[in-house]
file my_file-v8.tsv (TSV, C-alpha atoms)
chain	number	residue	atom	x	y	z
A	1147	MET	CA	-14.11	-63.11	-58.84
A	1148	ILE	CA	-12.56	-64.51	-61.99
A	1149	LYS	CA	-12.96	-68.26	-62.42
A	1150	ARG	CA	-11.67	-70.00	-65.52
A	1151	GLN	CA	-11.70	-73.77	-65.68
A	1152	ILE	CA	-9.93	-76.20	-68.03
A	1153	THR	CA	-9.32	-79.94	-68.00
A	1154	PHE	CA	-5.75	-80.65	-69.01
A	1155	THR	CA	-5.88	-82.88	-72.08
A	1156	VAL	CA	-2.84	-84.49	-73.60
A	1157	ALA	CA	-2.78	-81.78	-76.26
A	1158	ALA	CA	-3.01	-79.00	-73.69
A	1159	LEU	CA	-0.14	-80.46	-71.71
A	1160	GLN	CA	1.90	-80.83	-74.84
A	1161	ILE	CA	1.41	-77.15	-75.68
A	1162	LEU	CA	2.35	-76.11	-72.17
A	1163	LEU	CA	5.42	-78.27	-72.07
A	1164	LEU	CA	6.53	-77.15	-75.52
A	1165	ALA	CA	6.15	-73.55	-74.46
A	1166	SER	CA	8.14	-74.15	-71.29
A	1167	CYS	CA	10.89	-75.93	-73.25
A	1168	GLY	CA	11.21	-73.26	-75.93
A	1169	GLY	CA	9.18	-75.23	-78.49
A	1170	LYS	CA	11.48	-78.29	-78.70
A	1171	SER	CA	10.09	-81.79	-78.26
A	1172	ASP	CA	10.60	-85.39	-79.30
A	1173	ILE	CA	6.99	-86.27	-78.70
A	1174	ASN	CA	5.60	-88.32	-81.61
A	1175	SER	CA	3.40	-90.96	-80.08
A	1176	GLY	CA	0.38	-91.06	-77.81
A	1177	ASN	CA	2.33	-93.11	-75.27
A	1178	ASN	CA	5.00	-90.44	-75.05
A	1179	LYS	CA	2.34	-87.77	-74.58
A	1180	LEU	CA	0.74	-89.79	-71.80
A	1181	GLU	CA	4.09	-90.18	-70.05
A	1182	ILE	CA	4.72	-86.43	-70.23
A	1183	LYS	CA	1.28	-85.69	-68.75
A	1184	GLN	CA	1.80	-88.10	-65.88
A	1185	ALA	CA	5.28	-86.75	-65.18
A	1186	PHE	CA	3.93	-83.20	-65.14
A	1187	LEU	CA	1.08	-84.03	-62.75
A	1188	GLN	CA	3.47	-85.83	-60.40
A	1189	ASN	CA	5.42	-82.57	-60.02
A	1190	VAL	CA	2.32	-80.55	-59.13
A	1191	GLN	CA	2.12	-80.04	-55.36
A	1192	THR	CA	-0.90	-78.81	-53.44
A	1193	THR	CA	-1.78	-77.86	-49.89
A	1194	LYS	CA	-5.12	-77.24	-48.25
A	1195	ALA	CA	-6.30	-73.75	-47.39
A	1196	VAL	CA	-6.88	-73.60	-43.63
A	1197	LEU	CA	-8.74	-71.33	-41.25
A	1198	SER	CA	-6.50	-69.64	-38.66
A	1199	ASN	CA	-6.07	-66.50	-36.58
A	1200	GLN	CA	-4.36	-63.78	-38.52
A	1201	GLU	CA	-0.90	-62.90	-37.24
A	1202	GLU	CA	0.64	-59.51	-37.84
A	1203	GLU	CA	4.10	-58.12	-37.18
A	1204	LEU	CA	4.53	-54.53	-36.09
A	1205	THR	CA	7.87	-52.76	-36.47
A	1206	LEU	CA	8.82	-49.92	-34.11
A	1207	THR	CA	11.90	-47.73	-33.91
A	1208	GLY	CA	13.75	-47.00	-30.70
A	1209	LYS	CA	17.10	-46.63	-29.01
A	1210	VAL	CA	19.17	-47.95	-26.12
A	1211	GLU	CA	19.21	-45.79	-22.97
A	1212	TYR	CA	20.71	-45.89	-19.49
A	1213	ASP	CA	18.71	-47.38	-16.66
A	1214	PRO	CA	18.04	-44.08	-14.78
A	1215	ASP	CA	17.98	-45.94	-11.46
A	1216	LYS	CA	21.61	-46.92	-12.06
A	1217	VAL	CA	23.06	-43.55	-13.11
A	1218	ILE	CA	24.74	-40.83	-11.00
A	1219	ASN	CA	25.34	-37.29	-12.28
A	1220	TYR	CA	28.00	-35.57	-10.17
A	1221	VAL	CA	27.33	-31.83	-9.84
A	1222	PRO	CA	29.86	-29.84	-7.75
A	1223	MET	CA	28.52	-28.19	-4.61
A	1224	ILE	CA	31.36	-25.69	-4.37
A	1225	GLY	CA	33.36	-23.58	-6.82
A	1226	GLY	CA	37.05	-24.04	-7.57
A	1227	ILE	CA	39.69	-25.21	-10.01
A	1228	ILE	CA	40.37	-28.81	-11.07
A	1229	GLU	CA	43.96	-29.63	-10.16
A	1230	ARG	CA	44.01	-33.13	-11.60
A	1231	SER	CA	41.74	-35.60	-13.37
A	1232	TYR	CA	42.28	-39.33	-12.87
A	1233	PHE	CA	39.87	-40.78	-15.46
A	1234	SER	CA	38.89	-40.70	-19.12
A	1235	LEU	CA	35.59	-41.06	-20.94
A	1236	GLY	CA	34.54	-44.71	-21.10
A	1237	ASP	CA	36.71	-45.83	-18.17
A	1238	LYS	CA	35.42	-48.44	-15.78
A	1239	VAL	CA	35.64	-47.16	-12.20
A	1240	GLN	CA	35.08	-48.69	-8.78
A	1241	LYS	CA	33.17	-47.16	-5.89
A	1242	GLY	CA	35.53	-45.03	-3.76
A	1243	GLN	CA	38.10	-44.56	-6.55
A	1244	THR	CA	39.56	-41.02	-6.72
A	1245	LEU	CA	38.41	-39.22	-9.86
A	1246	LEU	CA	39.25	-35.52	-9.34
A	1247	ASP	CA	41.29	-33.17	-7.14
A	1248	ILE	CA	39.71	-29.71	-6.79
A	1249	ARG	CA	41.20	-26.64	-5.08
A	1250	SER	CA	38.67	-24.21	-3.64
A	1251	THR	CA	38.98	-20.96	-1.66
A	1252	GLU	CA	35.62	-21.74	-0.09
A	1253	LEU	CA	36.90	-25.09	1.11
A	1254	SER	CA	40.08	-23.43	2.38
A	1255	SER	CA	37.96	-21.26	4.65
A	1256	LEU	CA	36.11	-24.32	5.88
A	1257	GLN	CA	39.40	-26.09	6.57
A	1258	SER	CA	40.60	-23.13	8.65
A	1259	GLU	CA	37.33	-23.11	10.54
A	1260	ARG	CA	37.66	-26.85	11.15
A	1261	VAL	CA	41.14	-26.35	12.63
A	1262	GLY	CA	39.74	-23.67	14.97
A	1263	LEU	CA	36.87	-25.86	16.07
A	1264	GLU	CA	39.23	-28.79	16.63
A	1265	SER	CA	41.27	-26.54	18.90
A	1266	ASP	CA	38.11	-25.51	20.78
A	1267	VAL	CA	37.31	-29.17	21.42
A	1268	LYS	CA	40.77	-29.81	22.88
A	1269	ILE	CA	40.54	-26.75	25.13
A	1270	ALA	CA	37.06	-27.77	26.30
A	1271	GLU	CA	38.34	-31.30	27.05
A	1272	ARG	CA	41.18	-29.89	29.21
A	1273	GLU	CA	38.82	-27.53	31.01
A	1274	LEU	CA	36.41	-30.38	31.75
A	1275	LYS	CA	39.24	-32.54	33.05
A	1276	THR	CA	40.32	-29.73	35.38
A	1277	ALA	CA	36.73	-29.11	36.47
A	1278	LYS	CA	36.24	-32.76	37.37
A	1279	ALA	CA	39.41	-32.74	39.52
A	1280	MET	CA	38.32	-29.59	41.29
A	1281	PHE	CA	34.81	-30.98	41.78
A	1282	ASP	CA	36.27	-34.12	43.36
A	1283	ASP	CA	38.23	-31.87	45.78
A	1284	ASN	CA	35.05	-29.91	46.57
A	1285	MET	CA	36.58	-26.83	45.00
A	1286	LEU	CA	33.95	-26.55	42.24
A	1287	SER	CA	30.18	-26.67	42.32
A	1288	GLU	CA	28.12	-29.19	40.40
A	1289	LYS	CA	26.66	-26.36	38.30
A	1290	GLU	CA	30.12	-25.27	37.18
A	1291	LEU	CA	31.00	-28.89	36.30
A	1292	MET	CA	27.86	-29.20	34.17
A	1293	GLU	CA	28.72	-25.92	32.43
A	1294	ALA	CA	32.14	-27.34	31.52
A	1295	GLN	CA	30.50	-30.51	30.18
A	1296	ALA	CA	28.03	-28.46	28.12
A	1297	LYS	CA	30.86	-26.36	26.68
A	1298	LEU	CA	32.62	-29.53	25.50
A	1299	SER	CA	29.43	-30.92	23.98
A	1300	GLN	CA	28.86	-27.69	22.04
A	1301	ALA	CA	32.42	-27.69	20.73
A	1302	GLN	CA	32.18	-31.32	19.67
A	1303	ALA	CA	28.85	-30.69	17.91
A	1304	ALA	CA	30.27	-27.73	15.98
A	1305	TYR	CA	33.35	-29.74	15.00
A	1306	SER	CA	31.22	-32.74	13.92
A	1307	LYS	CA	29.00	-30.47	11.80
A	1308	ILE	CA	31.87	-28.94	9.85
A	1309	GLN	CA	33.38	-32.38	9.32
A	1310	THR	CA	30.06	-33.55	7.88
A	1311	ASP	CA	29.75	-30.43	5.71
A	1312	MET	CA	33.24	-30.93	4.30
A	1313	SER	CA	32.67	-34.62	3.62
A	1314	VAL	CA	29.82	-33.65	1.29
A	1315	PHE	CA	32.31	-31.85	-0.97
A	1316	GLY	CA	34.80	-34.70	-1.01
A	1317	SER	CA	37.79	-36.11	0.81
A	1318	ASN	CA	39.83	-33.38	2.51
A	1319	LYS	CA	43.48	-33.26	1.37
A	1320	GLY	CA	44.39	-30.00	3.13
A	1321	ASN	CA	45.57	-26.66	1.67
A	1322	GLY	CA	42.10	-26.00	0.25
A	1323	THR	CA	42.11	-29.18	-1.86
A	1324	PHE	CA	39.65	-32.04	-1.75
A	1325	SER	CA	39.27	-35.26	-3.75
A	1326	ILE	CA	36.11	-36.42	-5.49
A	1327	LYS	CA	35.63	-40.17	-5.28
A	1328	ALA	CA	33.39	-42.38	-7.40
A	1329	PRO	CA	30.03	-42.72	-5.61
A	1330	MET	CA	29.32	-46.05	-7.36
A	1331	SER	CA	30.94	-48.63	-9.60
A	1332	GLY	CA	30.26	-48.35	-13.33
A	1333	TYR	CA	31.43	-46.68	-16.53
A	1334	ILE	CA	32.16	-43.02	-17.20
A	1335	VAL	CA	29.61	-42.17	-19.88
A	1336	SER	CA	30.07	-38.39	-19.78
A	1337	LYS	CA	33.00	-36.17	-18.78
A	1338	ASN	CA	33.11	-32.37	-18.50
A	1339	ALA	CA	36.20	-32.06	-16.33
A	1340	SER	CA	39.84	-31.49	-17.27
A	1341	SER	CA	42.89	-30.32	-15.38
A	1342	GLY	CA	42.98	-26.52	-14.99
A	1343	SER	CA	39.30	-25.93	-15.75
A	1344	THR	CA	37.08	-24.04	-13.34
A	1345	VAL	CA	33.93	-25.42	-11.76
A	1346	SER	CA	31.02	-23.69	-10.08
A	1347	ALA	CA	28.41	-24.83	-7.63
A	1348	ASP	CA	25.24	-26.16	-9.29
A	1349	GLY	CA	26.88	-26.09	-12.72
A	1350	ASP	CA	26.85	-28.85	-15.33
A	1351	PRO	CA	27.70	-32.38	-14.14
A	1352	LEU	CA	31.46	-32.95	-14.08
A	1353	PHE	CA	30.92	-36.61	-14.93
A	1354	ILE	CA	28.20	-39.24	-15.21
A	1355	ILE	CA	28.68	-42.82	-14.01
A	1356	ALA	CA	26.31	-45.52	-15.28
A	1357	ASP	CA	25.95	-49.17	-14.42
A	1358	LEU	CA	25.45	-50.71	-17.88
A	1359	SER	CA	24.73	-54.26	-16.71
A	1360	THR	CA	21.08	-53.40	-17.37
A	1361	VAL	CA	19.82	-51.00	-20.06
A	1362	TRP	CA	16.48	-49.74	-21.31
A	1363	ILE	CA	15.35	-49.96	-24.90
A	1364	THR	CA	12.73	-47.28	-25.49
A	1365	ALA	CA	10.40	-47.88	-28.45
A	1366	ASN	CA	8.26	-45.20	-30.11
A	1367	VAL	CA	4.59	-46.18	-30.28
A	1368	TYR	CA	2.32	-44.09	-32.51
A	1369	ALA	CA	-1.38	-43.66	-31.83
A	1370	SER	CA	-2.30	-45.90	-34.76
A	1371	ASN	CA	-0.35	-48.78	-33.18
A	1372	LEU	CA	-1.81	-48.61	-29.68
A	1373	LEU	CA	-4.19	-51.52	-30.24
A	1374	PHE	CA	-1.25	-53.82	-31.02
A	1375	VAL	CA	1.12	-52.89	-28.17
A	1376	LYS	CA	0.58	-54.26	-24.67
A	1377	GLU	CA	2.62	-54.58	-21.49
A	1378	GLY	CA	4.20	-58.02	-21.14
A	1379	GLN	CA	4.28	-58.54	-24.91
A	1380	GLU	CA	7.36	-60.37	-26.22
A	1381	VAL	CA	9.51	-58.54	-28.76
A	1382	LYS	CA	12.47	-59.15	-31.05
A	1383	ILE	CA	15.17	-56.49	-31.21
A	1384	THR	CA	17.75	-55.94	-33.95
A	1385	THR	CA	20.49	-53.33	-34.34
A	1386	LEU	CA	22.70	-52.09	-37.16
A	1387	SER	CA	25.75	-52.97	-35.07
A	1388	TYR	CA	24.90	-56.69	-35.00
A	1389	PRO	CA	23.23	-57.51	-38.34
A	1390	GLY	CA	21.37	-60.80	-38.34
A	1391	GLU	CA	21.44	-61.13	-34.55
A	1392	ILE	CA	18.19	-61.00	-32.59
A	1393	PHE	CA	17.82	-59.93	-28.96
A	1394	TYR	CA	14.69	-61.12	-27.16
A	1395	GLY	CA	12.80	-59.17	-24.51
A	1396	LYS	CA	9.36	-58.03	-23.45
A	1397	ILE	CA	7.59	-54.72	-22.93
A	1398	ASN	CA	7.87	-53.91	-19.22
A	1399	SER	CA	5.83	-50.72	-19.27
A	1400	LEU	CA	3.94	-48.46	-21.66
A	1401	SER	CA	3.66	-44.75	-20.99
A	1402	GLN	CA	0.16	-43.31	-20.68
A	1403	VAL	CA	1.22	-39.81	-21.79
A	1404	PHE	CA	2.29	-38.80	-25.30
A	1405	ASP	CA	5.70	-37.23	-25.67
A	1406	PRO	CA	4.94	-33.55	-26.47
A	1407	GLU	CA	7.73	-33.27	-29.05
A	1408	GLU	CA	7.73	-36.65	-30.80
A	1409	LYS	CA	3.94	-37.25	-30.43
A	1410	VAL	CA	4.51	-40.87	-29.44
A	1411	LEU	CA	4.08	-43.06	-26.40
A	1412	LYS	CA	7.24	-44.64	-25.01
A	1413	ALA	CA	7.35	-48.40	-24.48
A	1414	ARG	CA	10.12	-49.55	-22.16
A	1415	ILE	CA	12.00	-52.83	-22.55
A	1416	VAL	CA	14.45	-53.66	-19.74
A	1417	MET	CA	17.32	-55.74	-21.09
A	1418	PRO	CA	20.17	-57.52	-19.26
A	1419	ASN	CA	23.49	-56.34	-20.70
A	1420	LYS	CA	26.24	-58.14	-18.81
A	1421	ASP	CA	28.40	-58.46	-21.94
A	1422	LEU	CA	27.92	-54.70	-22.61
A	1423	ARG	CA	26.99	-55.22	-26.25
A	1424	LEU	CA	24.09	-52.78	-26.10
A	1425	LYS	CA	25.43	-49.22	-25.93
A	1426	PRO	CA	23.45	-46.14	-24.85
A	1427	GLU	CA	22.13	-44.09	-27.80
A	1428	MET	CA	22.42	-47.11	-30.11
A	1429	SER	CA	19.43	-47.21	-32.48
A	1430	ALA	CA	17.25	-50.32	-32.46
A	1431	VAL	CA	14.38	-51.88	-34.41
A	1432	ILE	CA	11.71	-53.55	-32.29
A	1433	ARG	CA	9.41	-56.15	-33.83
A	1434	LEU	CA	6.39	-57.55	-32.07
A	1435	LYS	CA	3.83	-60.11	-33.16
A	1436	ASN	CA	0.11	-59.53	-32.84
A	1437	GLU	CA	-2.39	-62.35	-33.13
A	1438	THR	CA	-5.87	-61.08	-33.96
A	1439	HIS	CA	-9.08	-62.94	-33.16
A	1440	ASN	CA	-10.17	-62.70	-36.80
A	1441	LYS	CA	-10.15	-66.16	-38.36
A	1442	LEU	CA	-9.24	-66.03	-42.02
A	1443	VAL	CA	-8.37	-68.53	-44.73
A	1444	SER	CA	-4.58	-68.83	-44.82
A	1445	ILE	CA	-2.33	-70.18	-47.57
A	1446	PRO	CA	1.44	-70.23	-48.25
A	1447	SER	CA	2.53	-66.97	-49.85
A	1448	GLU	CA	4.43	-68.95	-52.50
A	1449	ALA	CA	1.08	-70.09	-53.93
A	1450	LEU	CA	0.17	-66.56	-55.05
A	1451	VAL	CA	0.39	-65.47	-58.68
A	1452	PHE	CA	0.55	-61.71	-59.20
A	1453	ASP	CA	-0.87	-60.60	-62.54
A	1454	ASN	CA	-2.20	-57.25	-63.73
A	1455	ASP	CA	-2.13	-55.75	-60.20
A	1456	ARG	CA	-4.19	-58.62	-58.80
A	1457	TYR	CA	-3.50	-61.82	-56.87
A	1458	TYR	CA	-4.56	-65.26	-58.10
A	1459	VAL	CA	-4.21	-68.85	-56.93
A	1460	VAL	CA	-4.55	-72.12	-58.82
A	1461	VAL	CA	-6.98	-74.58	-57.24
A	1462	GLU	CA	-7.11	-78.32	-57.99
A	1463	GLU	CA	-10.83	-79.10	-57.93
A	1464	SER	CA	-10.32	-82.74	-58.91
A	1465	PRO	CA	-7.48	-84.84	-60.36
A	1466	ASP	CA	-6.36	-83.30	-63.68
A	1467	ASN	CA	-8.88	-80.46	-63.22
A	1468	PHE	CA	-7.57	-76.98	-62.25
A	1469	VAL	CA	-9.09	-73.50	-62.00
A	1470	SER	CA	-7.58	-70.07	-61.32
A	1471	LYS	CA	-9.26	-67.81	-58.79
A	1472	GLU	CA	-8.69	-64.19	-57.92
A	1473	VAL	CA	-8.22	-63.62	-54.19
A	1474	THR	CA	-8.39	-60.60	-51.89
A	1475	LEU	CA	-5.68	-60.44	-49.23
A	1476	SER	CA	-5.75	-59.08	-45.71
A	1477	GLY	CA	-2.01	-59.31	-45.13
A	1478	HIS	CA	1.11	-61.46	-44.91
A	1479	HIS	CA	3.20	-62.80	-42.04
A	1480	ASN	CA	6.10	-65.28	-42.02
A	1481	ASN	CA	5.43	-66.56	-45.58
A	1482	VAL	CA	1.72	-66.98	-44.84
A	1483	SER	CA	-0.94	-64.93	-46.64
A	1484	TYR	CA	-4.41	-64.30	-45.22
A	1485	VAL	CA	-7.33	-64.31	-47.68
A	1486	THR	CA	-10.63	-62.50	-47.12
A	1487	SER	CA	-12.37	-63.66	-50.31
A	1488	GLY	CA	-11.89	-65.84	-53.39
A	1489	ILE	CA	-11.26	-69.27	-51.87
A	1490	SER	CA	-12.67	-71.36	-49.04
A	1491	GLU	CA	-11.24	-73.49	-46.26
A	1492	GLY	CA	-10.26	-76.98	-47.41
A	1493	GLU	CA	-9.60	-76.19	-51.09
A	1494	ASN	CA	-6.44	-77.70	-52.62
A	1495	ILE	CA	-4.10	-74.86	-53.52
A	1496	VAL	CA	-1.28	-75.53	-55.99
A	1497	ILE	CA	2.11	-74.49	-54.61
A	1498	LYS	CA	4.39	-75.93	-57.30
A	1499	ASN	CA	4.08	-75.39	-61.07
A	1500	GLN	CA	1.14	-73.06	-60.38
A	1501	LEU	CA	2.57	-70.36	-62.66
A	1502	LEU	CA	2.78	-72.77	-65.60
A	1503	ILE	CA	-0.77	-73.93	-65.02
A	1504	TYR	CA	-2.04	-70.37	-64.56
A	1505	THR	CA	-0.46	-69.38	-67.87
A	1506	GLY	CA	-2.22	-72.25	-69.61
A	1507	LEU	CA	-5.57	-71.32	-68.03
A	1508	LYS	CA	-5.15	-67.71	-69.05
A	1509	ASP	CA	-4.23	-68.56	-72.63

call {"tool": "encode", "arguments": {"input": "my_file-v8.tsv", "output": "structure tokens"}}
result
Amino acid sequence: MIKRQITFTVAALQILLLASCGGKSDINSGNNKLEIKQAFLQNVQTTKAVLSNQEEELTLTGKVEYDPDKVINYVPMIGGIIERSYFSLGDKVQKGQTLLDIRSTELSSLQSERVGLESDVKIAERELKTAKAMFDDNMLSEKELMEAQAKLSQAQAAYSKIQTDMSVFGSNKGNGTFSIKAPMSGYIVSKNASSGSTVSADGDPLFIIADLSTVWITANVYASNLLFVKEGQEVKITTLSYPGEIFYGKINSLSQVFDPEEKVLKARIVMPNKDLRLKPEMSAVIRLKNETHNKLVSIPSEALVFDNDRYYVVVEESPDNFVSKEVTLSGHHNNVSYVTSGISEGENIVIKNQLLIYTGLKD
């Protein structure tokens, strides 16, 4: 530690003030010199070094993602050709709204089968009606009546099954065409469907609908940062799209498995997004504060003097008596510097005119 001490005499102050004023002065009398010294000391401000828990700020990178619990990927279950598309990328859609018309030979066969089964139901209903009348006139046995009832039940079951099967594909429009309706309300965030294009069963999703009222912000946490990141921790989020604006949230969950490609853990922050300002795939910077249990001497960062690759502070040991001390730093946070050696708790640290005093001590 370097410690140089000097008591500021009138002459010393005069030299300092002359140097700071470019060598010009009207000082000729002792009274004037005394007034300059007093004026200088009145402008010197100090603060006490205090003992406090060290705070650190960790910066993580991340991006905005969909809430996977509020996303639907529509994959066709049957092949065909898109006759018409009723939406564009980014559109807001309501549940039940028609999005696509698709013509399919497979569906055409199902429609023909449905017509046949519907006819079977009607025939079975007439036969049962006739059987009941004949049974009432004792012209038909109970067994034959039950057979007629069973035949109708079988026809109705077959018809109900094909209706259910067809409803899975969409809303039947006849002539081998069916309509795809929005399964939920939200925004179209992906579209791979256009009029005239072909689709196949189990192919790529024709569209993706997402409810963006809630989004996830996924932060990348490296192994070296694990000690500082915890579930429930409050964070500040900034984006390039909204410079100077801070979004506040907290870490809802922290993955326990490293991503095999990025070699990071994923921290999830669930954010309300009713105004839709946060867009999926938007990059984000996540800042979180960590308060350690290490108590260190803390001082305002403005008190530091950087000279010859080292940090110094000016300490007022008594009125008119100053010393410069070299300090070792542990870190900075919010204009506060944490000192591991060089000064002690309770010392008066100069925070104004310290550079002028340090120069005089050094010279």

call {"tool": "closest_residue", "arguments": {"input": "my_file-v8.tsv", "among": "A:Leu1507, A:Ile1354, A:Tyr1212, A:Lys1396", "to": "Lys1425 (chain A)", "atoms": "all atoms listed in the file"}}
result
A:Tyr1212

call {"tool": "closest_residue", "arguments": {"input": "my_file-v8.tsv", "among": "A:Lys1441, A:Lys1327, A:Lys1435, A:Lys1412", "to": "Lys1241 (chain A)", "atoms": "only C-alpha atoms"}}
result
A:Lys1327

call {"tool": "atom_distance", "arguments": {"input": "my_file-v8.tsv", "atom1": "CA of Ser1490 (chain A)", "atom2": "CA of Ser1444 (chain A)"}}
result
9.5 Å

call {"tool": "closest_residue", "arguments": {"input": "my_file-v8.tsv", "among": "A:Lys1498, A:Lys1307, A:Arg1423, A:Lys1508", "to": "Leu1256 (chain A)", "atoms": "all atoms listed in the file"}}
result
A:Lys1307

call {"tool": "residues_near_point", "arguments": {"input": "my_file-v8.tsv", "point": "(3.9, -67.2, -42.3)", "cutoff": "10 Å", "atoms": "only C-alpha atoms", "output": "PDB file with C-alpha atoms, in the coordinates of the input"}}
result
ATOM      1  CA  GLN A1200      -4.360 -63.780 -38.520  1.00  0.00           C
ATOM      2  CA  GLU A1201      -0.900 -62.900 -37.240  1.00  0.00           C
ATOM      3  CA  GLU A1202       0.640 -59.510 -37.840  1.00  0.00           C
ATOM      4  CA  SER A1444      -4.580 -68.830 -44.820  1.00  0.00           C
ATOM      5  CA  ILE A1445      -2.330 -70.180 -47.570  1.00  0.00           C
ATOM      6  CA  PRO A1446       1.440 -70.230 -48.250  1.00  0.00           C
ATOM      7  CA  SER A1447       2.530 -66.970 -49.850  1.00  0.00           C
ATOM      8  CA  HIS A1478       1.110 -61.460 -44.910  1.00  0.00           C
ATOM      9  CA  HIS A1479       3.200 -62.800 -42.040  1.00  0.00           C
ATOM     10  CA  ASN A1480       6.100 -65.280 -42.020  1.00  0.00           C
ATOM     11  CA  ASN A1481       5.430 -66.560 -45.580  1.00  0.00           C
ATOM     12  CA  VAL A1482       1.720 -66.980 -44.840  1.00  0.00           C
ATOM     13  CA  SER A1483      -0.940 -64.930 -46.640  1.00  0.00           C
ATOM     14  CA  TYR A1484      -4.410 -64.300 -45.220  1.00  0.00           C
TER      15      TYR A1484
END

call {"tool": "atom_distance", "arguments": {"input": "my_file-v8.tsv", "atom1": "CA of Asn1398 (chain A)", "atom2": "CA of Met1330 (chain A)"}}
result
25.7 Å

call {"tool": "residues_around", "arguments": {"input": "my_file-v8.tsv", "residues": "region 1259-1268 of chain A", "least_positions_apart": "5", "cutoff": "6 Å", "atoms": "only C-alpha atoms", "output": "MDAnalysis selection string"}}
result
chainID A and resid 1301:1302 1305

call {"tool": "residues_around", "arguments": {"input": "my_file-v8.tsv", "residues": "Asp1453 (chain A)", "least_positions_apart": "6", "cutoff": "12 Å", "atoms": "all atoms listed in the file", "output": "list in words"}}
result
Val1459, Ser1470, Lys1471, Glu1472, Val1473, Leu1501, Tyr1504, Thr1505 and Lys1508 of chain A

call {"tool": "atom_distance", "arguments": {"input": "my_file-v8.tsv", "atom1": "CA of Thr1207 (chain A)", "atom2": "CA of Glu1427 (chain A)"}}
result
12.5 Å

call {"tool": "closest_residue", "arguments": {"input": "my_file-v8.tsv", "among": "A:Ala1270, A:Val1485, A:Ile1392, A:Ala1279", "to": "Ala1296 (chain A)", "atoms": "all atoms listed in the file"}}
result
A:Ala1270

call {"tool": "closest_residue", "arguments": {"input": "my_file-v8.tsv", "among": "A:Asn1454, A:Gln1240, A:Ser1399, A:Ser1341", "to": "Val1416 (chain A)", "atoms": "all atoms listed in the file"}}
result
A:Ser1399
